[in-house]
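Q: Here you go, one structure.
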Amino acid sequence: MTPELSKGRRRLVLAVVALALMMVVSAVSGLNVALPDLSAATGASQTQVIWIVDAYTLVFVGFLLPAGALGDRYGRKGTLLVGLSVFGAAAAAALFVSSPGTLIALRGAMGLGAAAVMPTTLSIITTSFPPAERGRAVGVWVGVAGGGAVLGLLASGALLEFFAWNSFFGLNVVLAAVALIGTLLFIPTSRDACAPRLDPLGALLSLLAAVGIVFGIIEGPDRGWGDTLTIAGFVIGGLALAAFIGWELRRTDPLLDVRLFRLKGFSAGSGVIMVQFFGSFGLFFIILQYLQYVADLSPFRAAICLIPLPMFVVPTARNAPKVAARLGTNRVLPLGLILSASGLAVMTTLGAHFVYWHLAVGLALFGAGMGLAGTPSTTAIVSCLPAVKQGVGSAMNDLSRELGSALGIAVLGSTLSSAYRSHVTGATTGLPERAATGAQSSIAFVKNASGHLAQYGPKGQHLLDAAQRSFVDAAHTAFLTAIVVLLAGAVFAAIRAPRKGDAEVAPHEEFAVTGV
């Protein structure tokens, strides 16, 4: 357990963990600003671009649960230091490479470091702050998790105005170094006095489940949904998930006690967070390409366009606990998801001719919904667990976020890719096979080769307009997919979430999250 800290020390602890969290979150969102320049510089295909983004998140997801348990067992401060060091070293190496394959590998290494950081930050909050202050501290954490993504976009966009696309990784290195110093100076040491046994098989099965399913989703549009590797990904992922559940149910000290999902707060909170981040990171992935490929904005101007999101996420997240206490979690969670869905509905009015207020209103609604549902969801999860098990409990909270992020990028990115290819194919008729294949694979190819395509006459000259219209139509299809998912989550939350007055603390003698 952590000894009681002074109020000033708690503020410093919150500042350090917020900075570390911003580093982790911005490593996903900030890269989206650089995708057009990255694609042009490395020659990455649309599928490789999705992998460069999702390699980080997939490794992150696969190691979140064991990393949280390792923090409980060996010390949260030490785990945070290791995570920051691995993350910073991998980001530093990425500054000097331009091969898509190498970038994918280094992004995976950054995800490994992030897996040790993110669950540790929340468990440090829950073990360092007294119950009376914990809700507000968690609210700050949720606000940083949501608003920090856009702040990372702004910082990355500003760098790209003056430097090359790989300057994004320089930002990661700086954030990791500052957080590392802050951790050494201010973070207290804490660990679980009753350390459980390790569960390497459970950790391996959880990683295989996440990678297999997301592999099938990402590769499906490119290889074909009936392709052997696509099907193999889904089969391996599904079997690994079933094996993970069966294995954890048989263990006396499981990596994750799946019986916890019988608790209303735990299941509803996890589900809502997953759906929220499915929508938000899918939105980042799509809208930043729209702003640069269709609206022809610079990276920095594209990032500036997203400012309405944190302006509504942060204050709403801070005040959401009061709203939930008054109205009940079962009302606030669905309301938040419906607001986010309405924001995406507004964004389906975006066209090839960019009208900013359509985007601003959509982002404001989406951000308000994200902030309103985010804090009560996180509180519902962590309040189900005793203080000594906050590491893996926090990891479950983060697992929901990152799994939602990975699925959002994979599903909505694949939907975008499939719909774009379907819409643009007609405009490539009559072009040489190489030009037609490139144009169908990505709008980035058309933008980067627009001058070269002009040699093919009117057909080539008009291809850019057709590609932009096709991208807009494909983005609408992806947004509609996200709306359906958000509304389904709202129905689930309305049915499953705890009602006002329900007990939020789990019977710990029956339910437990233990260790790796």
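As shown in the structure tokens, the chain order sets the letters A, B, ...; within each chain, residues go from 1, and ligands are also counted from 1 in the order they appear.
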List as a short mmCIF file (atom, residue, chain, number, x, y, z; two decimals) with C-alpha atoms, in the first residue's frame the protein and nucleic acid residues near Ser442 of chain A, meaning an atom at most 10 Å away when only C-alpha atoms are counted, but skip any in the same chain fewer than 3 places from it.
A:
data_model
loop_
_atom_site.label_atom_id
_atom_site.label_comp_id
_atom_site.auth_asym_id
_atom_site.auth_seq_id
_atom_site.Cartn_x
_atom_site.Cartn_y
_atom_site.Cartn_z
CA SER A 39 2.74 7.44 -46.93
CA ALA A 44 3.38 2.53 -47.57
CA SER A 45 0.14 1.06 -48.93
CA GLN A 46 -3.19 1.73 -47.22
CA THR A 47 -3.00 -1.67 -45.52
CA SER A 417 -10.77 1.16 -47.68
CA TYR A 420 -13.30 3.81 -51.34
CA ARG A 421 -12.14 1.04 -53.67
CA VAL A 424 -13.30 4.85 -57.26
CA THR A 437 -4.25 -0.45 -59.04
CA GLY A 438 -2.48 2.36 -57.18
CA ALA A 439 -5.51 4.66 -57.38
CA PHE A 445 -1.41 7.43 -54.39
CA VAL A 446 -3.68 9.73 -56.40
CA LYS A 447 -2.65 12.85 -54.45
CA ALA A 467 -10.85 9.98 -55.68
CA PHE A 471 -13.15 9.12 -50.13
#
Q: With DSSP run on the backbone, what are the helix (DSSP H, G or I) residues within segment 295-387 of chain A? I'd like them as a PyMOL selection string.
A: chain A and resi 299-304+308-327+329-347+356-382+387
Q: What is the distance, in Å and to one decimal place, between atom CA of Ala137 of chain A and atom CA of Asn397 of chain A?
A: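 That distance, rounded to one decimal, is 15.4 Å.
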Q: With a distance cut-off of 12 Å and only C-alpha atoms, select the neighbouring residues of Pro299 of chain A, excluding the residue or stretch itself and same-chain residues fewer than 3 positions from it, and output the selection as a PyMOL selection string.
A: chain A and resi 30-38+153-165+168+287-293+295-296+302-306
Q: Dump as CSV the rows for residues of segment 205-227 of chain A within 12 Å of segment 63-68 of chain A: closest atom pair and distance in Å with one decimal, only C-alpha atoms counted, ordered by chain and rising residue number.
A:
residue,atom,partner,partner_atom,distance
A:Leu205,CA,A:Phe63,CA,10.7
A:Ser206,CA,A:Phe63,CA,8.2
A:Leu207,CA,A:Phe63,CA,7.0
A:Leu208,CA,A:Phe63,CA,10.7
A:Ala209,CA,A:Phe63,CA,11.8
A:Ala210,CA,A:Phe63,CA,10.3
A:Val211,CA,A:Phe63,CA,11.4
Q: Given only C-alpha atoms as the basis, pick out the residue of A:Gly233, A:Gly246, A:Gly238, A:Gly143 nearest to Glu219 of chain A.
A: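 Closest candidate: A:Gly233.
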Q: Set the distance at 9 Å and use only C-alpha atoms: which residues neighbour Asp54 of chain A once local chain neighbours fewer than 5 positions away are removed? I'd like the list as number ranges by chain.
A: A: 28, 49, 59, 104, 107-108, 214, 405-407, 409-410
Q: Keeping only C-alpha atoms, take the residues you just selected and write them out as a PDB file, in the first residue's frame.
A:
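Below you can see selection_39.pdb, which holds the result:
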ATOM      1  CA  VAL A  28      -1.811   6.802 -31.505  1.00  0.00           C
ATOM      2  CA  VAL A  49      -0.598   2.407 -42.995  1.00  0.00           C
ATOM      3  CA  VAL A  59       0.869  -5.085 -28.733  1.00  0.00           C
ATOM      4  CA  ILE A 104       5.627  -1.519 -37.878  1.00  0.00           C
ATOM      5  CA  ARG A 107       5.603   0.782 -33.272  1.00  0.00           C
ATOM      6  CA  GLY A 108       5.025  -2.639 -31.724  1.00  0.00           C
ATOM      7  CA  VAL A 214      -7.691  -7.685 -35.772  1.00  0.00           C
ATOM      8  CA  SER A 405      -9.153   1.784 -30.395  1.00  0.00           C
ATOM      9  CA  ALA A 406      -7.623  -1.128 -32.306  1.00  0.00           C
ATOM     10  CA  LEU A 407     -11.013  -2.379 -33.468  1.00  0.00           C
ATOM     11  CA  ILE A 409      -9.084   1.717 -36.578  1.00  0.00           C
ATOM     12  CA  ALA A 410      -9.290  -1.797 -38.031  1.00  0.00           C
TER      13      ALA A 410
END
